[in-house]
Protein chains: 4
Amino acid sequence: MRFFSDNTSTVCPEILEALHAANHGLACAYGDDEWTQRLDGTLSRFFSTEVRAFAVTTGTAANALALATLAPPYGAIFAHQEAHIACDECGAPSFFSGGAQLILLPGEHGRITPTTLEAALTGHRIDVHTVQPAALSLTQATELGTAYRAPDIAQLAALAHARGLKVHMDGARFANALEFLGCHPAEITWRAGVDVLSFGATKNGALAAEAVVFFDRTLVRDFELRRKRAGHLQSKSRYVAAQLLGYLESGVWQRNAQRTNRLAQRIGRAAGAALLHPVEGNEVFLKLGVPRRQQLRAAGFEFYDWGIESAGEARLVVSWDQPEDDVGALCGALARL
Amino acid sequence: MRFFSDNTSTVCPEILEALHAANHGLACAYGDDEWTQRLDGTLSRFFSTEVRAFAVTTGTAANALALATLAPPYGAIFAHQEAHIACDECGAPSFFSGGAQLILLPGEHGRITPTTLEAALTGHRIDVHTVQPAALSLTQATELGTAYRAPDIAQLAALAHARGLKVHMDGARFANALEFLGCHPAEITWRAGVDVLSFGATKNGALAAEAVVFFDRTLVRDFELRRKRAGHLQSKSRYVAAQLLGYLESGVWQRNAQRTNRLAQRIGRAAGAALLHPVEGNEVFLKLGVPRRQQLRAAGFEFYDWGIESAGEARLVVSWDQPEDDVGALCGALARL
Amino acid sequence: MRFFSDNTSTVCPEILEALHAANHGLACAYGDDEWTQRLDGTLSRFFSTEVRAFAVTTGTAANALALATLAPPYGAIFAHQEAHIACDECGAPSFFSGGAQLILLPGEHGRITPTTLEAALTGHRIDVHTVQPAALSLTQATELGTAYRAPDIAQLAALAHARGLKVHMDGARFANALEFLGCHPAEITWRAGVDVLSFGATKNGALAAEAVVFFDRTLVRDFELRRKRAGHLQSKSRYVAAQLLGYLESGVWQRNAQRTNRLAQRIGRAAGAALLHPVEGNEVFLKLGVPRRQQLRAAGFEFYDWGIESAGEARLVVSWDQPEDDVGALCGALARL
Amino acid sequence: MRFFSDNTSTVCPEILEALHAANHGLACAYGDDEWTQRLDGTLSRFFSTEVRAFAVTTGTAANALALATLAPPYGAIFAHQEAHIACDECGAPSFFSGGAQLILLPGEHGRITPTTLEAALTGHRIDVHTVQPAALSLTQATELGTAYRAPDIAQLAALAHARGLKVHMDGARFANALEFLGCHPAEITWRAGVDVLSFGATKNGALAAEAVVFFDRTLVRDFELRRKRAGHLQSKSRYVAAQLLGYLESGVWQRNAQRTNRLAQRIGRAAGAALLHPVEGNEVFLKLGVPRRQQLRAAGFEFYDWGIESAGEARLVVSWDQPEDDVGALCGALARL
């Protein structure tokens, strides 16, 4: 039973259906098709504000292209020390930006606190010898399966904006955070000060589709050229746009997030004291110790080790198509440990 | 009736079928799935030699990642002056390689001749002040719809290898060239000295799938890291691999190339004296003059202008799903001009 | 007798004197010294307009940093095909800018004509697939020893500005061109539309000093950060500034340029029909044919071959400290050939 | 009385003398001069092993070029969190390498311990999603004025080499560390496992001269091309080489380091309990508290604040030409505080 990652999931029927529906006639390439042209409108309605949105196929592309648009080569990007952009993208932000440097901040449960950010910004000497603070990148839901509350995002963004930084949000699991918080998408994005959002769909049911959503629309020409030269402008662009449209219009984003959040909550409750972080999305982190972790694996559950080897931590992720029985079995096994 | 580009085409039924067939069960992400694992074998059989093959979603990514693996930041890449990497990728090779420079060569019908290449290599001063010759990039079929013959490739590659350059082939329309030449894929690739091939499937019927095929397998570790940090490693990698497997295993690569080549030939014959280049793939280039070009457009045919405005040239591309009637109508219109 | 390059020359007494004069007391580092602080004023007076000026130690640094400030990573820089930035800097502009591409233009005697530039700008397709025209770089004096006249610069700059390009001038031998033209420095720079000038002093008598002079002062913050991270901000900055001050204030720039221009003219006259380009600076290009070139070398003259081997061309450069006798001997030898 | 930095110092008479001595005759440019040609020999003798050495004019250039030679764009460079390459070079290592990432390690008194390095290397997950460990960079003397002992360097280098990393040493103040340790230069470099050294001369009396010394000579061709395209190959190369030769051959490296170390020791003793780190070079770090720091400044002493504002720390650096009276006055003032 696989709890490796939501990337192991299949493509949702509604999204396959959207691919089929787009599969007729000769359509102009490179974004001049009717599906791509509808993206801005659909995402503007979703966020209740006018946005410009661009489709790419991976989260790394979405994040790194967005950050390259925000940060000059001599820029500094502030992020949590466990952020995907820091730990799992093989240096992509630096590659795309031409050398921008990440400044990594600690923070309980994967969240940066305003206090920590303020200290980091204040402590960052500004002269010609240092990289220049350019962007703050927040992950929603975080890498540890928690969600930032709207007022925290607003406070963090205000600190950033006060010093001229732009605010990026890595929303690879945005739907899960949104569903957990039960708020309007605007509240945790542009109303809270987010300038650019990587809006993920792949993990939550798409084949390969992420939108880079610009609330600050002044930046998009630079972005479009960077996307092209990075090989991230799809020639048959209708298919990636169609996935995003299908994801939003069918409501599958919500249905899938509700289900995975609910199942993750169930696992979290079964884990009891072993639970490391509040379950606010579709990920569960456990401190089992090495022997119990081995036991769990021997019982047929597949998942990734986490953190320092000796601590015996584990990460379990619920996919949108995770069989309900897998979760039942896992909860039983956790109870027995 | 659209003759803009083969990128306007839909996805071939066999390839949509392959996506469906892969759409079950939780599969490991980032290439550890059974489809991706079969890529090397399938492409090795296709080329009759052991290769390492990697899937990406765009031709620009395939070309630029391949070239970045071959050329250092201070490298020089020799290519035809109309090459896609020179004219249509917004500087991607320089971005991915960290600054490598293209040296552009003229050549009739989109082909570099051995004489031109030899003169360029001989004339390129080698000292610490100049970019260092690192790679030759050939396009097959060329940007002007022609195909290199095997002995010409072998001669060009030999010149390149003699001076320590690696040889890349941009095969965005490889199937069309192969089908036109009627030879074994090995003859125009590794047996002729090609080290790395961008093997395109998107234009010829896939959704978004190109394989980077390494005949020289020593280079792949570098490639894999560059692909990841460029955001071109797909998380749900099974779907891009499945497209490539479907493309090769169903024989659709050949069927589609045969059809588009045949229809392009028909257009070429109808064009008569207006034909600019031999039709050796699915593209037709015409010198109509501005008034006749306007007439053709007024008659309902959509295509791109080509070359210098005043010359009145046109490019017409046949898609795999081009209605036969479109071609009939076009031939009629050309005859009437 | 060496006519290799003006880079073979020694440091002029006035400039060594300036180094001595600066060599007392503890002075703040990295530009906060009194010499550096005087640079803007001195160069503003020289050019009769307010400029911001920055010292670096090499011409490659001056050119590439200036161009990186003008061109984004997806930018195109138009330059003569024999420009130093294209042929002799190992790809520096692309490195510093993060991938900008040079578009090389032909032109008699090393000069781009307005007609050629206009055709290149008009012919450059502008869409997301192409590098975006960002800068024009002119060399004054050119790589073939000629000088652009003020009206030509103005016409070229106007064409560039009309399309949103900035104008850079590579003035590694600016003093020689200025002296030849006998005009005010303003006439061939800002009044003609130049935005940034690489103002060379090294070849004309300094130890290692070039100023990047910004007539468009909005760009300098970006430049300063790029300079630092490229390792081109000198810690003991007073010494490079002192060279530039000494060069300008002592009038040595003019005296040396007058002398080398005069001697080069003399060689040009002695060369007669072998002269390839008008002598408008301190360089002389000859078409001797291979045998006569060998003879000249056998007679004890050292110089670089130029162009295609078989043409037997030669470049001879007069240094500020070239012994008068060398020139006399050379003229004699040329007359005898 | 200025204790800002050793970069505020003048040029040492012996080195000015070396410039004068080189200032005659036409010498080939770009390293083909007799002074540059003697660099390898002189530095080979100094280190008692065959090295290849290259002159540049700044420490940032030396460090970043050396690191770019050791680390691929997807490489990770391990360094102390207060290293110059991390805090004071505006992201230069990332720029020169095309994106390599610094992994910053804590460590008392500016030194990385083997335990810390081992944990960092062990904890660094190696797969395609992470930057690949490529180099360890040690600073000698450290940014906090301490020196690594030979066995510690050997142990750190062994850990690095065991995992395939190369070892770089930032020796901007190498002479001070060497003089303090009283050992042979080989003991703290190649015999301890250092592959490439940035050997500083500027702070210790030169005008602008640093040598990049390759103990691992396989890497130099890449370095030479990177140096040229970064604008760090001096045209009149004799003058930077002459500085380095003069620095080494006259013994000024040792005389100056002895003097500044001795004076720094004296200040350290006068500081008593305020001393933050052992004085093992020419830098003294004091914890004064904000009021006493103000008092010291009011008494006419100029220096940089250090660390967090509220802690009231100060850095005082002794220059080679620091008046003895400045130091006497400072010691008196410290005693009185």
# chains A, B, ... in the order shown; residues from 1 in each chain; ligands from 1

call {"tool": "residues_around", "arguments": {"residues": "Gln254 in chain A", "least_positions_apart": "3", "cutoff": "12 Å", "atoms": "only C-alpha atoms", "output": "mmCIF file with C-alpha atoms, in the first residue's frame"}}
result
data_model
loop_
_atom_site.group_PDB
_atom_site.id
_atom_site.type_symbol
_atom_site.label_atom_id
_atom_site.label_comp_id
_atom_site.auth_asym_id
_atom_site.auth_seq_id
_atom_site.Cartn_x
_atom_site.Cartn_y
_atom_site.Cartn_z
ATOM 1 C CA ARG A 173 -0.835 21.634 -2.516
ATOM 2 C CA PHE A 174 -2.813 24.874 -2.511
ATOM 3 C CA ALA A 175 -6.163 23.081 -2.785
ATOM 4 C CA ASN A 176 -5.464 21.095 0.363
ATOM 5 C CA ALA A 177 -4.615 24.179 2.385
ATOM 6 C CA LEU A 178 -7.580 26.075 1.009
ATOM 7 C CA GLU A 179 -9.954 23.259 1.800
ATOM 8 C CA PHE A 180 -8.547 22.878 5.307
ATOM 9 C CA GLY A 182 -12.322 26.759 4.524
ATOM 10 C CA PRO A 185 -8.890 31.677 -2.268
ATOM 11 C CA ALA A 201 -2.991 20.711 -10.001
ATOM 12 C CA ASN A 204 -4.347 16.659 -6.839
ATOM 13 C CA GLY A 205 -5.480 14.856 -9.996
ATOM 14 C CA TYR A 247 -9.589 20.954 -12.692
ATOM 15 C CA LEU A 248 -11.270 24.207 -11.736
ATOM 16 C CA GLU A 249 -14.554 24.015 -13.604
ATOM 17 C CA SER A 250 -15.487 20.487 -12.609
ATOM 18 C CA GLY A 251 -14.867 21.174 -8.946
ATOM 19 C CA ALA A 257 -8.704 17.885 -1.613
ATOM 20 C CA GLN A 258 -11.627 17.190 0.691
ATOM 21 C CA ARG A 259 -11.135 13.474 0.365
ATOM 22 C CA THR A 260 -7.373 13.428 0.861
ATOM 23 C CA ASN A 261 -7.586 15.866 3.771
ATOM 24 C CA ARG A 262 -10.256 13.735 5.429
ATOM 25 C CA TRP A 320 -6.603 11.579 -4.462
#

call {"tool": "interface_residues", "arguments": {"of": "chain C", "to": "chain D", "cutoff": "7 Å", "atoms": "only C-alpha atoms", "output": "ChimeraX atom specification"}}
result
/C:2,7-11,23-29,58,60-61,89-92,207,228-231,234-236

call {"tool": "write_last_selection", "arguments": {"atoms": "C-alpha atoms", "output": "short mmCIF file (atom, residue, chain, number, x, y, z; two decimals), in the first residue's frame"}}
result
data_model
loop_
_atom_site.label_atom_id
_atom_site.label_comp_id
_atom_site.auth_asym_id
_atom_site.auth_seq_id
_atom_site.Cartn_x
_atom_site.Cartn_y
_atom_site.Cartn_z
CA ARG C 2 56.99 44.68 -31.77
CA ASN C 7 48.63 46.01 -24.82
CA THR C 8 52.33 45.29 -25.01
CA SER C 9 53.16 48.83 -23.91
CA THR C 10 54.44 49.95 -20.54
CA VAL C 11 52.75 52.23 -18.06
CA ASN C 23 50.06 55.86 -2.01
CA HIS C 24 49.76 57.41 1.42
CA GLY C 25 47.50 56.99 4.40
CA LEU C 26 44.74 54.53 5.13
CA ALA C 27 41.93 55.05 2.60
CA CYS C 28 38.52 53.47 2.75
CA ALA C 29 38.18 50.45 0.49
CA THR C 58 39.88 45.22 -18.15
CA THR C 60 36.22 42.75 -21.30
CA ALA C 61 34.86 43.55 -17.85
CA GLU C 89 36.12 37.92 -25.15
CA CYS C 90 35.36 34.19 -24.98
CA GLY C 91 31.63 34.73 -24.77
CA ALA C 92 31.77 37.27 -21.94
CA LEU C 207 48.43 49.99 -16.02
CA LYS C 228 30.76 43.41 -7.27
CA ARG C 229 29.56 39.87 -7.87
CA ALA C 230 31.76 39.61 -10.93
CA GLY C 231 34.79 40.35 -8.76
CA GLN C 234 38.69 46.58 -6.52
CA SER C 235 39.32 46.57 -2.78
CA LYS C 236 42.10 49.16 -2.95
#

call {"tool": "residues_around", "arguments": {"residues": "Gly300 in chain A", "least_positions_apart": "5", "cutoff": "12 Å", "atoms": "only C-alpha atoms", "output": "list in words"}}
result
Met1, Arg2, Phe3, Arg293, Gln294, Gln295, Asp326, Ala329, Leu330 and Ala333 of chain A

call {"tool": "select_by_dssp", "arguments": {"residues": "range 133-314 of chain D", "states": "helix (DSSP H, G or I)", "output": "count of residues only"}}
result
84

call {"tool": "residues_around", "arguments": {"residues": "Ala311 in chain C", "least_positions_apart": "5", "cutoff": "8 Å", "atoms": "only C-alpha atoms", "output": "PyMOL selection string"}}
result
chain C and resi 287-290

call {"tool": "residues_around", "arguments": {"residues": "Gln101 in chain B", "least_positions_apart": "6", "cutoff": "9 Å", "atoms": "only C-alpha atoms", "output": "NGL selection string"}}
result
(:B and (73-78 or 93-94 or 131)) or (:C and (91 or 94 or 99 or 101-102))

call {"tool": "write_last_selection", "arguments": {"atoms": "all heavy atoms", "output": "compact mmCIF listing (two decimals), in the first residue's frame"}}
result
# COMPACT_ATOMS: atom_id res chain seq x y z
N PRO B 73 30.10 26.29 -20.71
CA PRO B 73 29.62 27.68 -20.83
C PRO B 73 30.43 28.49 -21.83
O PRO B 73 29.92 29.45 -22.39
CB PRO B 73 29.81 28.24 -19.42
CG PRO B 73 29.85 27.06 -18.51
CD PRO B 73 30.42 25.94 -19.32
N TYR B 74 31.67 28.11 -22.04
CA TYR B 74 32.52 28.83 -22.99
C TYR B 74 32.61 28.05 -24.31
O TYR B 74 33.57 28.20 -25.06
CB TYR B 74 33.92 29.05 -22.41
CG TYR B 74 34.48 27.85 -21.70
CD1 TYR B 74 35.01 26.79 -22.41
CD2 TYR B 74 34.46 27.77 -20.31
CE1 TYR B 74 35.51 25.68 -21.77
CE2 TYR B 74 34.94 26.66 -19.65
CZ TYR B 74 35.47 25.62 -20.38
OH TYR B 74 35.95 24.50 -19.74
N GLY B 75 31.61 27.24 -24.57
CA GLY B 75 31.63 26.42 -25.77
C GLY B 75 30.99 27.11 -26.96
O GLY B 75 30.21 28.05 -26.82
N ALA B 76 31.31 26.63 -28.15
CA ALA B 76 30.68 27.09 -29.38
C ALA B 76 29.92 25.93 -30.00
O ALA B 76 30.42 24.80 -30.05
CB ALA B 76 31.72 27.61 -30.35
N ILE B 77 28.71 26.22 -30.43
CA ILE B 77 27.85 25.21 -31.06
C ILE B 77 27.63 25.64 -32.51
O ILE B 77 27.12 26.73 -32.77
CB ILE B 77 26.50 25.13 -30.32
CG1 ILE B 77 26.72 24.71 -28.86
CG2 ILE B 77 25.55 24.17 -31.04
CD1 ILE B 77 25.52 24.97 -27.96
N PHE B 78 28.02 24.80 -33.44
CA PHE B 78 27.87 25.11 -34.86
C PHE B 78 26.51 24.60 -35.34
O PHE B 78 26.16 23.44 -35.10
CB PHE B 78 29.01 24.47 -35.67
CG PHE B 78 30.35 25.11 -35.38
CD1 PHE B 78 31.03 24.83 -34.19
CD2 PHE B 78 30.92 26.01 -36.27
CE1 PHE B 78 32.26 25.43 -33.90
CE2 PHE B 78 32.15 26.61 -35.99
CZ PHE B 78 32.81 26.32 -34.80
N PRO B 93 19.60 27.55 -25.83
CA PRO B 93 20.88 26.84 -25.67
C PRO B 93 21.86 27.63 -24.81
O PRO B 93 22.59 27.05 -24.01
CB PRO B 93 21.39 26.71 -27.11
CG PRO B 93 20.17 26.79 -27.97
CD PRO B 93 19.25 27.74 -27.26
N SER B 94 21.85 28.95 -24.96
CA SER B 94 22.75 29.76 -24.15
C SER B 94 22.32 29.75 -22.69
O SER B 94 23.14 29.68 -21.78
CB SER B 94 22.75 31.18 -24.71
OG SER B 94 23.71 31.97 -24.06
N VAL B 131 35.45 31.44 -27.88
CA VAL B 131 34.65 30.30 -27.45
C VAL B 131 35.20 29.03 -28.11
O VAL B 131 35.68 29.07 -29.25
CB VAL B 131 33.15 30.51 -27.77
CG1 VAL B 131 32.54 31.49 -26.78
CG2 VAL B 131 32.93 30.99 -29.19
N GLY C 91 33.05 34.83 -25.14
CA GLY C 91 31.63 34.73 -24.77
C GLY C 91 31.23 35.53 -23.55
O GLY C 91 30.16 35.30 -22.98
N SER C 94 27.58 37.04 -23.06
CA SER C 94 26.57 36.04 -22.75
C SER C 94 26.69 35.59 -21.29
O SER C 94 25.70 35.39 -20.60
CB SER C 94 26.73 34.86 -23.70
OG SER C 94 25.69 33.96 -23.54
N GLY C 99 22.99 34.99 -20.77
CA GLY C 99 22.56 34.31 -21.99
C GLY C 99 22.20 35.19 -23.18
O GLY C 99 21.78 34.66 -24.21
N GLN C 101 22.20 37.12 -26.60
CA GLN C 101 22.79 36.63 -27.84
C GLN C 101 23.28 37.79 -28.70
O GLN C 101 22.61 38.82 -28.80
CB GLN C 101 21.71 35.86 -28.60
CG GLN C 101 22.21 34.53 -29.15
CD GLN C 101 21.04 33.65 -29.58
OE1 GLN C 101 20.40 33.01 -28.76
NE2 GLN C 101 20.77 33.63 -30.86
N LEU C 102 24.43 37.62 -29.32
CA LEU C 102 24.94 38.63 -30.24
C LEU C 102 24.36 38.39 -31.62
O LEU C 102 24.30 37.26 -32.09
CB LEU C 102 26.46 38.56 -30.31
CG LEU C 102 27.22 38.78 -28.99
CD1 LEU C 102 28.73 38.71 -29.25
CD2 LEU C 102 26.85 40.11 -28.36

call {"tool": "decode", "arguments": {"residues": "range 249-280 of chain B", "atoms": "N, CA and C atoms", "output": "PDB file, in the first residue's frame"}}
result
ATOM      1  N   GLU B 249       5.605   1.789 -30.338  1.00  0.00           N
ATOM      2  CA  GLU B 249       5.136   0.404 -30.369  1.00  0.00           C
ATOM      3  C   GLU B 249       3.926   0.211 -31.284  1.00  0.00           C
ATOM      4  N   SER B 250       3.113   1.246 -31.411  1.00  0.00           N
ATOM      5  CA  SER B 250       1.922   1.113 -32.253  1.00  0.00           C
ATOM      6  C   SER B 250       2.248   1.333 -33.718  1.00  0.00           C
ATOM      7  N   GLY B 251       3.439   1.787 -34.008  1.00  0.00           N
ATOM      8  CA  GLY B 251       3.792   2.097 -35.398  1.00  0.00           C
ATOM      9  C   GLY B 251       3.200   3.408 -35.887  1.00  0.00           C
ATOM     10  N   VAL B 252       2.617   4.159 -34.950  1.00  0.00           N
ATOM     11  CA  VAL B 252       1.979   5.398 -35.358  1.00  0.00           C
ATOM     12  C   VAL B 252       3.003   6.403 -35.893  1.00  0.00           C
ATOM     13  N   TRP B 253       4.225   6.309 -35.389  1.00  0.00           N
ATOM     14  CA  TRP B 253       5.268   7.232 -35.871  1.00  0.00           C
ATOM     15  C   TRP B 253       5.399   7.120 -37.386  1.00  0.00           C
ATOM     16  N   GLN B 254       5.296   5.875 -37.862  1.00  0.00           N
ATOM     17  CA  GLN B 254       5.529   5.639 -39.281  1.00  0.00           C
ATOM     18  C   GLN B 254       4.276   5.982 -40.101  1.00  0.00           C
ATOM     19  N   ARG B 255       3.155   5.522 -39.581  1.00  0.00           N
ATOM     20  CA  ARG B 255       1.914   5.752 -40.309  1.00  0.00           C
ATOM     21  C   ARG B 255       1.683   7.250 -40.511  1.00  0.00           C
ATOM     22  N   ASN B 256       1.857   8.007 -39.440  1.00  0.00           N
ATOM     23  CA  ASN B 256       1.626   9.450 -39.539  1.00  0.00           C
ATOM     24  C   ASN B 256       2.638  10.127 -40.456  1.00  0.00           C
ATOM     25  N   ALA B 257       3.894   9.722 -40.330  1.00  0.00           N
ATOM     26  CA  ALA B 257       4.919  10.341 -41.176  1.00  0.00           C
ATOM     27  C   ALA B 257       4.679  10.014 -42.649  1.00  0.00           C
ATOM     28  N   GLN B 258       4.285   8.788 -42.906  1.00  0.00           N
ATOM     29  CA  GLN B 258       3.997   8.419 -44.299  1.00  0.00           C
ATOM     30  C   GLN B 258       2.884   9.294 -44.869  1.00  0.00           C
ATOM     31  N   ARG B 259       1.837   9.450 -44.071  1.00  0.00           N
ATOM     32  CA  ARG B 259       0.697  10.226 -44.553  1.00  0.00           C
ATOM     33  C   ARG B 259       1.073  11.696 -44.787  1.00  0.00           C
ATOM     34  N   THR B 260       1.715  12.305 -43.824  1.00  0.00           N
ATOM     35  CA  THR B 260       2.036  13.734 -43.977  1.00  0.00           C
ATOM     36  C   THR B 260       3.056  13.941 -45.088  1.00  0.00           C
ATOM     37  N   ASN B 261       4.008  13.041 -45.213  1.00  0.00           N
ATOM     38  CA  ASN B 261       4.977  13.169 -46.306  1.00  0.00           C
ATOM     39  C   ASN B 261       4.263  13.071 -47.661  1.00  0.00           C
ATOM     40  N   ARG B 262       3.376  12.098 -47.770  1.00  0.00           N
ATOM     41  CA  ARG B 262       2.672  11.891 -49.021  1.00  0.00           C
ATOM     42  C   ARG B 262       1.852  13.131 -49.406  1.00  0.00           C
ATOM     43  N   LEU B 263       1.149  13.682 -48.417  1.00  0.00           N
ATOM     44  CA  LEU B 263       0.323  14.861 -48.706  1.00  0.00           C
ATOM     45  C   LEU B 263       1.196  16.065 -49.046  1.00  0.00           C
ATOM     46  N   ALA B 264       2.313  16.198 -48.362  1.00  0.00           N
ATOM     47  CA  ALA B 264       3.224  17.320 -48.656  1.00  0.00           C
ATOM     48  C   ALA B 264       3.777  17.192 -50.065  1.00  0.00           C
ATOM     49  N   GLN B 265       4.113  15.965 -50.445  1.00  0.00           N
ATOM     50  CA  GLN B 265       4.601  15.738 -51.816  1.00  0.00           C
ATOM     51  C   GLN B 265       3.554  16.198 -52.828  1.00  0.00           C
ATOM     52  N   ARG B 266       2.308  15.870 -52.521  1.00  0.00           N
ATOM     53  CA  ARG B 266       1.219  16.233 -53.433  1.00  0.00           C
ATOM     54  C   ARG B 266       1.137  17.757 -53.577  1.00  0.00           C
ATOM     55  N   ILE B 267       1.245  18.435 -52.445  1.00  0.00           N
ATOM     56  CA  ILE B 267       1.220  19.909 -52.491  1.00  0.00           C
ATOM     57  C   ILE B 267       2.416  20.428 -53.288  1.00  0.00           C
ATOM     58  N   GLY B 268       3.554  19.831 -53.038  1.00  0.00           N
ATOM     59  CA  GLY B 268       4.766  20.244 -53.737  1.00  0.00           C
ATOM     60  C   GLY B 268       4.604  20.124 -55.244  1.00  0.00           C
ATOM     61  N   ARG B 269       4.028  19.011 -55.666  1.00  0.00           N
ATOM     62  CA  ARG B 269       3.831  18.837 -57.117  1.00  0.00           C
ATOM     63  C   ARG B 269       2.867  19.875 -57.658  1.00  0.00           C
ATOM     64  N   ALA B 270       1.801  20.144 -56.897  1.00  0.00           N
ATOM     65  CA  ALA B 270       0.821  21.132 -57.350  1.00  0.00           C
ATOM     66  C   ALA B 270       1.433  22.525 -57.456  1.00  0.00           C
ATOM     67  N   ALA B 271       2.455  22.770 -56.641  1.00  0.00           N
ATOM     68  CA  ALA B 271       3.039  24.111 -56.588  1.00  0.00           C
ATOM     69  C   ALA B 271       3.873  24.413 -57.825  1.00  0.00           C
ATOM     70  N   GLY B 272       4.385  23.380 -58.440  1.00  0.00           N
ATOM     71  CA  GLY B 272       5.174  23.572 -59.654  1.00  0.00           C
ATOM     72  C   GLY B 272       6.381  24.449 -59.416  1.00  0.00           C
ATOM     73  N   ALA B 273       6.517  25.472 -60.233  1.00  0.00           N
ATOM     74  CA  ALA B 273       7.716  26.307 -60.208  1.00  0.00           C
ATOM     75  C   ALA B 273       7.825  27.154 -58.952  1.00  0.00           C
ATOM     76  N   ALA B 274       6.726  27.255 -58.198  1.00  0.00           N
ATOM     77  CA  ALA B 274       6.777  28.062 -56.974  1.00  0.00           C
ATOM     78  C   ALA B 274       7.520  27.361 -55.844  1.00  0.00           C
ATOM     79  N   LEU B 275       7.807  26.089 -56.038  1.00  0.00           N
ATOM     80  CA  LEU B 275       8.433  25.320 -54.951  1.00  0.00           C
ATOM     81  C   LEU B 275       9.867  25.789 -54.691  1.00  0.00           C
ATOM     82  N   LEU B 276      10.152  26.091 -53.431  1.00  0.00           N
ATOM     83  CA  LEU B 276      11.472  26.633 -53.079  1.00  0.00           C
ATOM     84  C   LEU B 276      12.498  25.558 -52.742  1.00  0.00           C
ATOM     85  N   HIS B 277      12.048  24.508 -52.058  1.00  0.00           N
ATOM     86  CA  HIS B 277      12.973  23.468 -51.600  1.00  0.00           C
ATOM     87  C   HIS B 277      12.368  22.104 -51.911  1.00  0.00           C
ATOM     88  N   PRO B 278      13.196  21.108 -52.142  1.00  0.00           N
ATOM     89  CA  PRO B 278      12.670  19.756 -52.342  1.00  0.00           C
ATOM     90  C   PRO B 278      11.796  19.360 -51.141  1.00  0.00           C
ATOM     91  N   VAL B 279      10.701  18.688 -51.392  1.00  0.00           N
ATOM     92  CA  VAL B 279       9.825  18.250 -50.299  1.00  0.00           C
ATOM     93  C   VAL B 279      10.306  16.886 -49.810  1.00  0.00           C
ATOM     94  N   GLU B 280      10.935  16.870 -48.638  1.00  0.00           N
ATOM     95  CA  GLU B 280      11.495  15.613 -48.125  1.00  0.00           C
ATOM     96  C   GLU B 280      10.961  15.315 -46.731  1.00  0.00           C
TER      97      GLU B 280
END
